[in-house]
Structures are given as C-alpha cells and as structure tokens.
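Participant: Input structure: data_36.csv, which contains CSV, C-alpha atoms.
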```
chain,number,residue,atom,x,y,z
I,343,MET,CA,44.4,56.1,193.3
I,344,SER,CA,43.6,55.7,197.0
I,345,ALA,CA,44.2,52.5,198.9
I,346,ASP,CA,40.5,51.9,199.4
I,347,ARG,CA,39.7,52.1,195.7
I,348,ARG,CA,42.5,49.7,194.9
I,349,ARG,CA,41.2,47.3,197.5
I,350,ASP,CA,37.6,47.5,196.1
I,351,ARG,CA,38.9,46.9,192.6
I,352,LEU,CA,40.9,43.9,193.7
I,353,ARG,CA,37.9,42.5,195.5
I,354,ALA,CA,35.8,43.0,192.3
I,355,VAL,CA,38.4,41.1,190.2
I,356,LEU,CA,38.6,38.3,192.7
I,357,ALA,CA,34.8,38.0,192.9
I,358,ARG,CA,34.5,37.8,189.1
I,359,ALA,CA,37.3,35.2,189.0
I,360,THR,CA,35.6,33.2,191.7
I,361,ARG,CA,32.2,33.2,189.9
I,362,PHE,CA,33.9,32.3,186.6
I,363,THR,CA,35.7,29.4,188.2
I,364,ALA,CA,32.6,28.2,190.0
I,365,ARG,CA,30.5,28.2,186.8
I,366,THR,CA,33.3,26.4,184.9
I,367,LEU,CA,33.6,23.7,187.5
I,368,ARG,CA,29.9,23.2,187.8
I,369,GLY,CA,29.5,22.9,184.0
I,370,GLU,CA,32.4,20.5,183.8
I,371,TRP,CA,31.0,18.4,186.7
I,372,HIS,CA,27.7,18.1,184.9
I,373,ALA,CA,29.2,17.4,181.5
I,374,ILE,CA,31.8,14.8,182.6
I,375,VAL,CA,30.1,13.1,185.6
I,376,VAL,CA,26.4,13.9,186.0
I,377,ASP,CA,25.3,13.4,182.4
I,378,PRO,CA,27.1,10.0,182.0
I,379,VAL,CA,25.7,8.8,185.4
I,380,HIS,CA,22.2,9.7,184.2
I,381,SER,CA,22.8,7.8,181.0
I,382,LEU,CA,24.1,4.8,183.0
I,383,ALA,CA,21.0,4.9,185.3
I,384,ARG,CA,18.8,4.9,182.2
I,385,ARG,CA,20.6,2.3,180.2
I,386,GLY,CA,22.1,0.1,182.9
I,387,LEU,CA,25.2,-2.0,182.5
I,388,SER,CA,24.2,-2.7,178.9
I,389,GLY,CA,25.6,0.8,178.1
I,390,LEU,CA,29.2,-0.3,179.1
I,391,PRO,CA,30.1,-3.2,176.8
I,392,LEU,CA,33.2,-1.6,175.4
I,393,ALA,CA,34.5,-0.7,178.9
I,394,PHE,CA,34.0,-4.3,180.1
I,395,VAL,CA,35.5,-5.8,176.9
I,396,ALA,CA,38.6,-3.5,177.1
I,397,ALA,CA,39.2,-4.3,180.8
I,398,ALA,CA,38.7,-8.0,180.3
I,399,GLY,CA,41.0,-8.0,177.3
I,400,VAL,CA,43.8,-6.4,179.2
I,401,ILE,CA,43.4,-8.9,182.1
I,402,PHE,CA,43.3,-11.8,179.7
I,403,PHE,CA,46.5,-10.9,177.8
I,404,HIS,CA,48.2,-10.0,181.1
I,405,ASP,CA,47.5,-13.5,182.5
I,406,ILE,CA,48.6,-15.2,179.3
I,407,ALA,CA,51.9,-13.2,179.2
I,408,GLN,CA,52.9,-14.6,182.6
I,409,HIS,CA,53.9,-17.9,180.9
I,410,PRO,CA,56.8,-18.1,178.4
I,411,THR,CA,54.7,-19.7,175.6
I,412,GLY,CA,51.8,-17.2,176.3
I,413,ALA,CA,54.2,-14.3,176.2
I,414,LEU,CA,55.5,-15.4,172.8
I,415,TRP,CA,51.9,-15.6,171.4
I,416,VAL,CA,51.0,-12.3,172.9
I,417,ARG,CA,54.0,-10.7,171.2
I,418,ARG,CA,53.1,-12.3,167.9
I,419,LEU,CA,49.5,-11.2,168.1
I,420,GLY,CA,49.8,-7.7,169.6
I,421,GLY,CA,53.5,-6.8,169.7
I,422,VAL,CA,54.1,-3.7,167.6
I,423,THR,CA,57.5,-2.3,166.9
I,424,ALA,CA,58.7,0.3,164.4
I,425,ASP,CA,61.0,-2.1,162.6
I,426,LEU,CA,58.1,-4.3,161.5
I,427,PRO,CA,56.6,-4.1,158.0
I,428,LEU,CA,53.8,-1.6,157.8
I,429,TRP,CA,51.1,-4.1,156.9
I,430,LEU,CA,52.0,-6.3,159.9
I,431,SER,CA,52.1,-3.3,162.2
I,432,LEU,CA,48.6,-2.2,161.1
I,433,LEU,CA,47.4,-5.8,161.5
I,434,ARG,CA,48.6,-6.0,165.1
I,435,THR,CA,47.5,-2.5,166.2
I,436,PRO,CA,43.9,-3.4,167.2
I,437,VAL,CA,45.2,-6.2,169.4
I,438,SER,CA,47.9,-4.0,170.9
I,439,LEU,CA,45.2,-1.9,172.6
I,440,TYR,CA,44.6,-4.8,175.0
I,441,VAL,CA,48.2,-5.8,175.6
I,442,PRO,CA,49.4,-4.1,178.8
I,443,ALA,CA,52.8,-2.4,178.9
I,444,LEU,CA,55.4,-4.3,180.8
I,445,ASP,CA,56.8,-1.4,182.7
I,446,LEU,CA,53.5,-0.1,184.1
I,447,PRO,CA,51.3,-1.4,186.9
I,448,VAL,CA,48.5,-3.4,185.2
I,449,TRP,CA,45.7,-2.7,187.7
I,450,ALA,CA,46.2,1.0,187.6
I,451,GLY,CA,46.1,0.9,183.8
I,452,ILE,CA,42.9,-1.2,183.9
I,453,THR,CA,41.2,1.3,186.1
I,454,GLN,CA,42.1,4.2,183.8
I,455,LEU,CA,41.1,2.2,180.8
I,456,PHE,CA,37.7,1.2,182.2
I,457,LEU,CA,37.0,4.8,183.3
I,458,ALA,CA,38.0,6.3,179.9
I,459,PHE,CA,36.0,3.8,177.8
I,460,ALA,CA,33.0,4.0,180.2
I,461,LEU,CA,32.7,7.8,180.1
I,462,ALA,CA,33.3,8.0,176.4
I,463,GLU,CA,30.8,5.3,175.6
I,464,LEU,CA,28.1,6.9,177.7
I,465,ALA,CA,28.8,10.4,176.4
I,466,LEU,CA,29.8,9.7,172.8
I,467,GLY,CA,28.4,6.4,171.8
I,468,ARG,CA,30.1,3.1,170.9
I,469,THR,CA,31.1,3.9,167.3
I,470,ARG,CA,32.7,7.2,168.1
I,471,THR,CA,34.5,5.8,171.1
I,472,LEU,CA,36.0,3.0,169.0
I,473,VAL,CA,37.0,5.5,166.2
I,474,ILE,CA,38.7,7.9,168.6
I,475,ALA,CA,40.6,5.1,170.5
I,476,TYR,CA,41.8,3.5,167.3
I,477,VAL,CA,42.7,6.7,165.4
I,478,THR,CA,44.7,8.2,168.3
I,479,THR,CA,46.6,4.9,168.8
I,480,LEU,CA,47.3,4.6,165.1
I,481,ALA,CA,48.4,8.2,164.8
I,482,GLY,CA,51.0,7.7,167.6
I,483,THR,CA,52.3,4.4,166.0
I,484,LEU,CA,52.6,5.8,162.5
I,485,THR,CA,54.2,9.1,163.8
I,486,ALA,CA,56.8,7.1,165.7
I,487,ARG,CA,57.7,5.2,162.6
I,488,LEU,CA,58.2,8.5,160.8
I,489,MET,CA,60.4,9.9,163.6
I,490,ILE,CA,62.6,6.8,163.5
I,491,ALA,CA,62.8,7.0,159.6
I,492,LEU,CA,64.0,10.6,159.9
I,493,GLY,CA,66.8,9.7,162.2
I,494,PRO,CA,68.5,11.8,164.8
I,495,GLY,CA,68.4,15.5,164.3
I,496,TRP,CA,65.6,17.4,162.6
I,497,TRP,CA,65.4,19.9,165.5
I,498,GLY,CA,64.8,17.1,167.9
I,499,LEU,CA,62.0,15.4,166.0
I,500,GLY,CA,64.0,12.5,164.8
I,501,LEU,CA,64.8,9.4,166.8
I,502,PRO,CA,67.7,6.9,166.6
I,503,ALA,CA,67.2,3.6,164.9
I,504,ASP,CA,67.5,1.7,168.2
I,505,CYS,CA,64.0,3.0,169.1
I,506,GLY,CA,62.6,0.8,166.4
I,507,LYS,CA,63.1,-2.3,168.6
I,508,VAL,CA,61.1,-0.8,171.5
I,509,LEU,CA,57.8,-2.7,172.1
I,510,ASP,CA,55.0,-0.2,171.4
I,511,THR,CA,51.9,-1.7,173.0
I,512,GLY,CA,49.4,-0.8,175.6
I,513,PRO,CA,46.1,1.2,175.8
I,514,SER,CA,47.7,4.3,177.2
I,515,ALA,CA,47.4,6.3,173.9
I,516,ALA,CA,43.8,5.4,173.5
I,517,VAL,CA,43.0,6.4,177.2
I,518,VAL,CA,44.8,9.7,176.7
I,519,GLY,CA,43.0,10.3,173.4
I,520,LEU,CA,39.6,9.6,174.8
I,521,PHE,CA,40.0,11.8,177.9
I,522,THR,CA,41.4,14.6,175.7
I,523,TYR,CA,38.5,14.3,173.2
I,524,LEU,CA,36.0,14.4,176.0
I,525,SER,CA,37.5,17.4,177.5
I,526,VAL,CA,37.4,19.3,174.2
I,527,VAL,CA,33.9,18.4,173.1
I,528,ARG,CA,32.5,18.9,176.6
I,529,ARG,CA,34.6,22.0,177.4
I,530,ALA,CA,36.3,20.5,180.5
I,531,PRO,CA,39.5,22.4,181.2
I,532,VAL,CA,40.3,20.5,184.4
I,533,VAL,CA,40.2,17.1,182.7
I,534,PHE,CA,42.2,18.5,179.8
I,535,THR,CA,44.9,19.8,182.2
I,536,LEU,CA,45.1,16.5,184.0
I,537,THR,CA,45.4,14.5,180.8
I,538,GLY,CA,47.1,16.7,178.2
I,539,GLY,CA,49.2,18.6,180.8
I,540,SER,CA,50.4,15.4,182.4
I,541,MET,CA,51.5,14.0,179.0
I,542,VAL,CA,53.4,17.2,178.3
I,543,TRP,CA,55.1,16.9,181.7
I,544,GLU,CA,55.8,13.2,181.1
I,545,SER,CA,57.5,13.9,177.7
I,546,ILE,CA,59.7,16.5,179.3
I,547,ALA,CA,60.6,14.6,182.4
I,548,VAL,CA,61.1,11.2,180.6
I,549,PRO,CA,61.9,11.8,176.9
I,550,ASN,CA,61.1,8.4,175.4
I,551,LEU,CA,59.1,7.0,172.6
I,552,ALA,CA,55.9,6.5,174.7
I,553,GLY,CA,55.9,10.1,175.8
I,554,ARG,CA,56.0,11.3,172.2
I,555,GLU,CA,53.3,9.0,171.1
I,556,HIS,CA,51.1,10.3,173.9
I,557,LEU,CA,51.7,13.8,172.7
I,558,ILE,CA,50.7,12.8,169.2
I,559,ALA,CA,47.5,11.1,170.6
I,560,VAL,CA,46.7,14.3,172.5
I,561,GLY,CA,47.1,16.5,169.4
I,562,THR,CA,45.1,14.1,167.2
I,563,ALA,CA,42.2,14.1,169.8
I,564,ILE,CA,42.2,17.9,169.9
I,565,VAL,CA,41.9,18.1,166.1
I,566,LEU,CA,39.1,15.5,166.0
I,567,GLY,CA,37.3,17.4,168.8
I,568,LEU,CA,37.5,20.7,167.0
I,569,LEU,CA,36.3,19.1,163.8
I,570,ARG,CA,33.2,17.5,165.4
I,571,GLY,CA,30.0,18.8,163.9
I,572,ARG,CA,31.7,20.2,160.9
I,573,GLY,CA,31.6,17.1,158.7
I,574,ASP,CA,28.7,18.3,156.6
I,575,ARG,CA,30.5,21.6,155.9
I,576,LEU,CA,33.7,19.8,155.0
I,577,ARG,CA,31.9,17.4,152.7
I,578,ALA,CA,30.0,20.3,151.0
I,579,LEU,CA,33.2,22.4,150.5
I,580,PRO,CA,34.5,20.7,147.3
I,581,TRP,CA,31.1,21.0,145.7
I,582,ALA,CA,30.8,24.7,146.6
I,583,LEU,CA,34.3,25.4,145.3
I,584,SER,CA,33.5,23.6,142.0
I,585,ARG,CA,30.3,25.6,141.5
I,586,ALA,CA,32.1,28.8,142.3
I,587,LEU,CA,35.0,28.1,139.9
I,588,TRP,CA,32.7,27.0,137.0
I,589,ARG,CA,30.1,29.7,137.3
I,590,PRO,CA,29.6,31.3,133.9
I,591,GLY,CA,30.0,34.8,135.2
I,592,ARG,CA,33.4,34.1,136.6
I,593,THR,CA,34.8,32.0,133.8
I,594,GLY,CA,33.6,34.2,131.0
I,595,ARG,CA,31.6,31.4,129.4
I,596,ALA,CA,28.1,32.4,128.2
I,597,PRO,CA,25.3,30.0,129.0
I,598,LEU,CA,24.3,27.7,126.2
I,599,ALA,CA,21.1,28.4,124.3
I,600,PRO,CA,18.4,25.7,124.7
I,601,VAL,CA,18.1,23.3,121.8
I,602,ILE,CA,14.5,23.2,120.5
I,603,ARG,CA,13.7,20.2,118.3
I,604,PRO,CA,11.1,20.3,115.6
I,605,GLY,CA,7.6,19.6,116.8
I,606,THR,CA,8.4,20.7,120.4
I,607,VAL,CA,5.8,22.9,121.9
I,608,VAL,CA,7.4,25.8,123.7
I,609,VAL,CA,5.4,27.4,126.4
I,610,HIS,CA,6.3,31.0,127.1
I,611,ALA,CA,5.7,32.9,130.2
I,612,ARG,CA,2.3,34.6,130.5
I,613,THR,CA,2.4,38.2,129.3
I,614,ALA,CA,-0.2,41.0,129.4
I,615,PRO,CA,-2.6,41.0,126.5
I,616,GLU,CA,-1.9,43.4,123.7
I,617,GLN,CA,-3.8,46.6,123.9
I,618,THR,CA,-5.7,47.6,120.7
I,619,SER,CA,-6.4,51.2,120.2
I,620,VAL,CA,-10.0,52.0,119.4
I,621,THR,CA,-10.9,55.5,118.3
I,622,PRO,CA,-13.6,57.0,120.5
I,623,GLY,CA,-16.9,57.2,118.9
I,624,THR,CA,-16.2,54.5,116.3
I,625,PRO,CA,-18.4,51.4,116.6
I,626,GLU,CA,-16.9,48.0,116.0
I,627,THR,CA,-18.8,47.4,112.8
I,628,GLY,CA,-16.0,46.5,110.5
I,629,MET,CA,-15.7,50.0,109.2
I,630,SER,CA,-12.5,51.8,109.8
I,631,PRO,CA,-12.7,55.4,111.0
I,632,PRO,CA,-13.0,58.0,108.3
I,633,ARG,CA,-9.8,59.5,107.0
I,634,GLN,CA,-9.0,62.8,105.5
I,635,CYS,CA,-7.5,63.0,102.0
I,636,ASP,CA,-6.7,66.3,100.6
I,637,GLY,CA,-9.3,68.0,102.7
I,638,PHE,CA,-12.1,65.7,101.6
I,639,ARG,CA,-13.8,63.4,104.0
I,640,THR,CA,-14.0,59.8,102.6
I,641,SER,CA,-15.4,56.6,103.8
I,642,THR,CA,-13.9,53.2,103.6
I,643,ARG,CA,-17.2,51.2,103.8
I,644,ALA,CA,-17.0,48.4,101.3
I,645,GLY,CA,-18.8,49.2,98.1
I,646,THR,CA,-19.1,52.9,98.9
I,647,PRO,CA,-17.4,55.2,96.5
```
Here is a file; write its structure as structure tokens.
Facilitator:
Amino acid sequence: MSADRRRDRLRAVLARATRFTARTLRGEWHAIVVDPVHSLARRGLSGLPLAFVAAAGVIFFHDIAQHPTGALWVRRLGGVTADLPLWLSLLRTPVSLYVPALDLPVWAGITQLFLAFALAELALGRTRTLVIAYVTTLAGTLTARLMIALGPGWWGLGLPADCGKVLDTGPSAAVVGLFTYLSVVRRAPVVFTLTGGSMVWESIAVPNLAGREHLIAVGTAIVLGLLRGRGDRLRALPWALSRALWRPGRTGRAPLAPVIRPGTVVVHARTAPEQTSVTPGTPETGMSPPRQCDGFRTSTRAGTP
C-alpha cells in the first residue's frame, strides 16, 4: 500500500471520528443542557422545588451542626452508621441526605447538589428524581452494612468491623446516582465519564467506605436507567409465563367440555341449508317418483293400486 493511500485512509478515519464526536457532543448538549433550560423557561422557578429544598436543607443542618447541642441533634436525626439497628438506619436515611459530610467543603457540595436535583427534576420529574436519589443512597448504605457483616477477606469485598463506626451521611451518593441515571437515559457519555469515572478513580485512589458506596450508587443508577421503559414488560412477564406453562397443549390436559344445564338454549353456528335432491321432471305434488319393481312400472299415488 502506497503512502498516499495510507494517508487518505487515515484522513477518512479521522473525519468519521470527528463527525461522530461532534454529533455525540451536540446531542448530549441538547439532552443535558438545552432541554432542561427550555423546561425551566416554560415552568419558571416553580419547576425547581426539590433543588431549593435540598440546598436549603444542607445549609440548615450545616449551620445547626456548628454548635455542640445542634451537632448532637443532627447526629441523632440524620447520623447513619453501619453498627446501628437496621430499623433506625432506615429511619434516619432520608434525613441523612441533607446532612453534609464533615470532611468535604459544604459550598462545593451544595452547588453539585443543586445542579443534580435541578437537572433531574426538569428532565425526569419530581417523583422519579426522589425515587432515584433515595434508592441509590439506600443501596449504598445497605451494601456497606453487608460488606461489614462479611468481614475482611472475600476477595476484597469485605470490610473490617471498625468501619461500622464511620459516619455515613451526606448527599454525595444521591448526586452521583442522579448524574449517572441522567447520563444513561439521555445517552450522555461525557457526563457519565465525569461522574462514574471519577467515582471509580476515587475508590482506587482513596479506598474507603464512601468510595465503595459511590460505586454502588453508580451501579444502581445504571441498572435503573437500563430498566426504564420496561416496567410494563416486566409486570406482564409472570402472567405470560403462567399462561405458557398452563396451556393445555403443553401440559397434556384436554380442555373441559362445556356443561349444559337442562332448559338451556344452545345456539350453534350458522351452517349451510341441507340440499334436498329432486328428481328432474318430477313435480312437487306429494307423489314420489315412479319406481321399477321386477320390470313393472308402478305408481305410489295414494289409493292407486
């Protein structure tokens, strides 16, 4: 192959890659930015109540936690650790979404939280946004309890018992879950790389409990995003399987005959009228056609010998 042909082929490949990248970025820009902005312009600030409530809740709990008594009550209301009873952990999990982590800058977290809830609320709706945020956070919390229950080992999945005393609060898992879910349902690879990829890098660089919970939140959001729009099929699957298993042709059972009670009028399907054969030349006068008997022609007219 000559050098000119190789150069032309390389240029063609680069041109196709450039066009593909441009189309992907343009589609992602419209799906993640343009469409939510149009929705915001149409609905106004009334379309962002969840974002404002989430940001205000984090600011409120952050200010209360600056005082010793307030910090005690914040921990009692929203402090989640793996060594708590399960019912108490589930009871505190919704409040823990608004309790900022102590080792992270609160204002940076508020910005990410507001942006995640705003985009999700404008693109997905309030109910779906709340469900995704809570399910991803709860999945991370319950998986952390399972890892601690397994103990060290288990090919690196288990965690030591000391991790059960680590305070597991903050909206970071919900933020990561919302961004990941948006990137999956809106087909935004750049946003997915910035969220899911950053969480993978964080778990590798700093292997702690929060990093593992973020990975669980990313995985849960991916599964929920892939299952979107398939709820009707999943709900209809058990019924379809039951009909297929109990079909008479497959189980060998013959269909039951209908039970007809006395006095019931049974209507049959309409059939063609019966054909009566009439001998040509024989009038319909009540006299049957003549018949031959031992070579003599006889008549069957009544009273005729």
Participant: Have a look at I:Leu492, I:Leu455, I:Leu466, I:Val533 and name the one nearest to I:Arg570; count all atoms listed in the file.
Facilitator: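 Between I:Leu492, I:Leu455, I:Leu466, I:Val533, the residue approaching I:Arg570 most closely is I:Leu466.
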Participant: Suppose you want the space between atom CA of I:Leu520 and atom CA of I:Ala559; what is it in Å?
Facilitator: 9.1 Å
Participant: So how far away is atom CA of I:Gly389 from atom CA of I:Thr537, in Å?
Facilitator: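 Atom CA of I:Gly389 lies at a distance of 24.2 Å from atom CA of I:Thr537.
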Participant: To one decimal place, how far is atom CA of I:Val376 from atom CA of I:Val560 in Å?
Facilitator: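 One can read the atom CA of I:Val376 to atom CA of I:Val560 distance as 24.4 Å.
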Participant: Env of I:Thr483: 12 Å cut, atoms = all atoms listed in the file, seq-sep filter 5 positions within chain, self excluded. Answer as a PDB file with C-alpha atoms, in the coordinates of the input.
Facilitator:
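After the write, selection-v4.pdb holds the following:
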```
ATOM      1  CA  GLY I 421      53.500  -6.800 169.700  1.00  0.00           C
ATOM      2  CA  VAL I 422      54.100  -3.700 167.600  1.00  0.00           C
ATOM      3  CA  THR I 423      57.500  -2.300 166.900  1.00  0.00           C
ATOM      4  CA  ALA I 424      58.700   0.300 164.400  1.00  0.00           C
ATOM      5  CA  ASP I 425      61.000  -2.100 162.600  1.00  0.00           C
ATOM      6  CA  LEU I 426      58.100  -4.300 161.500  1.00  0.00           C
ATOM      7  CA  LEU I 428      53.800  -1.600 157.800  1.00  0.00           C
ATOM      8  CA  SER I 431      52.100  -3.300 162.200  1.00  0.00           C
ATOM      9  CA  LEU I 432      48.600  -2.200 161.100  1.00  0.00           C
ATOM     10  CA  ARG I 434      48.600  -6.000 165.100  1.00  0.00           C
ATOM     11  CA  THR I 435      47.500  -2.500 166.200  1.00  0.00           C
ATOM     12  CA  PRO I 436      43.900  -3.400 167.200  1.00  0.00           C
ATOM     13  CA  SER I 438      47.900  -4.000 170.900  1.00  0.00           C
ATOM     14  CA  LEU I 439      45.200  -1.900 172.600  1.00  0.00           C
ATOM     15  CA  TYR I 476      41.800   3.500 167.300  1.00  0.00           C
ATOM     16  CA  VAL I 477      42.700   6.700 165.400  1.00  0.00           C
ATOM     17  CA  THR I 478      44.700   8.200 168.300  1.00  0.00           C
ATOM     18  CA  LEU I 488      58.200   8.500 160.800  1.00  0.00           C
ATOM     19  CA  MET I 489      60.400   9.900 163.600  1.00  0.00           C
ATOM     20  CA  ILE I 490      62.600   6.800 163.500  1.00  0.00           C
ATOM     21  CA  GLY I 506      62.600   0.800 166.400  1.00  0.00           C
ATOM     22  CA  VAL I 508      61.100  -0.800 171.500  1.00  0.00           C
ATOM     23  CA  LEU I 509      57.800  -2.700 172.100  1.00  0.00           C
ATOM     24  CA  ASP I 510      55.000  -0.200 171.400  1.00  0.00           C
ATOM     25  CA  THR I 511      51.900  -1.700 173.000  1.00  0.00           C
ATOM     26  CA  GLY I 512      49.400  -0.800 175.600  1.00  0.00           C
ATOM     27  CA  ALA I 515      47.400   6.300 173.900  1.00  0.00           C
ATOM     28  CA  ALA I 516      43.800   5.400 173.500  1.00  0.00           C
ATOM     29  CA  LEU I 551      59.100   7.000 172.600  1.00  0.00           C
ATOM     30  CA  ALA I 552      55.900   6.500 174.700  1.00  0.00           C
ATOM     31  CA  GLY I 553      55.900  10.100 175.800  1.00  0.00           C
ATOM     32  CA  ARG I 554      56.000  11.300 172.200  1.00  0.00           C
ATOM     33  CA  GLU I 555      53.300   9.000 171.100  1.00  0.00           C
ATOM     34  CA  HIS I 556      51.100  10.300 173.900  1.00  0.00           C
ATOM     35  CA  LEU I 557      51.700  13.800 172.700  1.00  0.00           C
ATOM     36  CA  ILE I 558      50.700  12.800 169.200  1.00  0.00           C
ATOM     37  CA  ALA I 559      47.500  11.100 170.600  1.00  0.00           C
TER      38      ALA I 559
END
```
Participant: Let me make sure I understand: among I:Arg361, I:His380, I:His409, I:Arg368, which one has the smallest atom-to-atom distance to I:Ala530 if we use all atoms listed in the file?
Facilitator: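 Using all atoms listed in the file, I:Ala530 sits closest to I:Arg368.
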Participant: Of the candidates I:Gln454, I:Thr562, I:Thr360, I:Thr366, which shows the shortest atom-to-atom distance to I:Ala481, using all atoms listed in the file?
Facilitator: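 Using all atoms listed in the file, the shortest distance to I:Ala481 belongs to I:Thr562.
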Participant: Rank I:Pro549, I:Gly412, I:Gly500, I:Gly538 by their smallest atom-to-atom distance to I:Ala563, using only C-alpha atoms, and report the top residue only.
Facilitator: I:Gly538
Participant: Which is closer to I:Ala397 than all the others in I:Leu457, I:Arg351, I:Leu356, I:Trp415, using all atoms listed in the file?
Facilitator: I:Leu457
Participant: Contacts of I:Leu464 at 12 Å or less, counting all atoms listed in the file, minus same-chain residues fewer than 6 places along, as a list in words?
Facilitator: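 Close residues of I:Leu464: Ala373, Ile374, Val375, Val376, Asp377, Pro378, Val379, His380, Ser381, Leu382, Ala383, Arg384, Arg385, Gly386, Leu387, Ser388, Gly389, Leu390, Pro391, Leu392, Ala393, Leu457, Ala458, Arg470, Thr471 and Leu524 of chain I.
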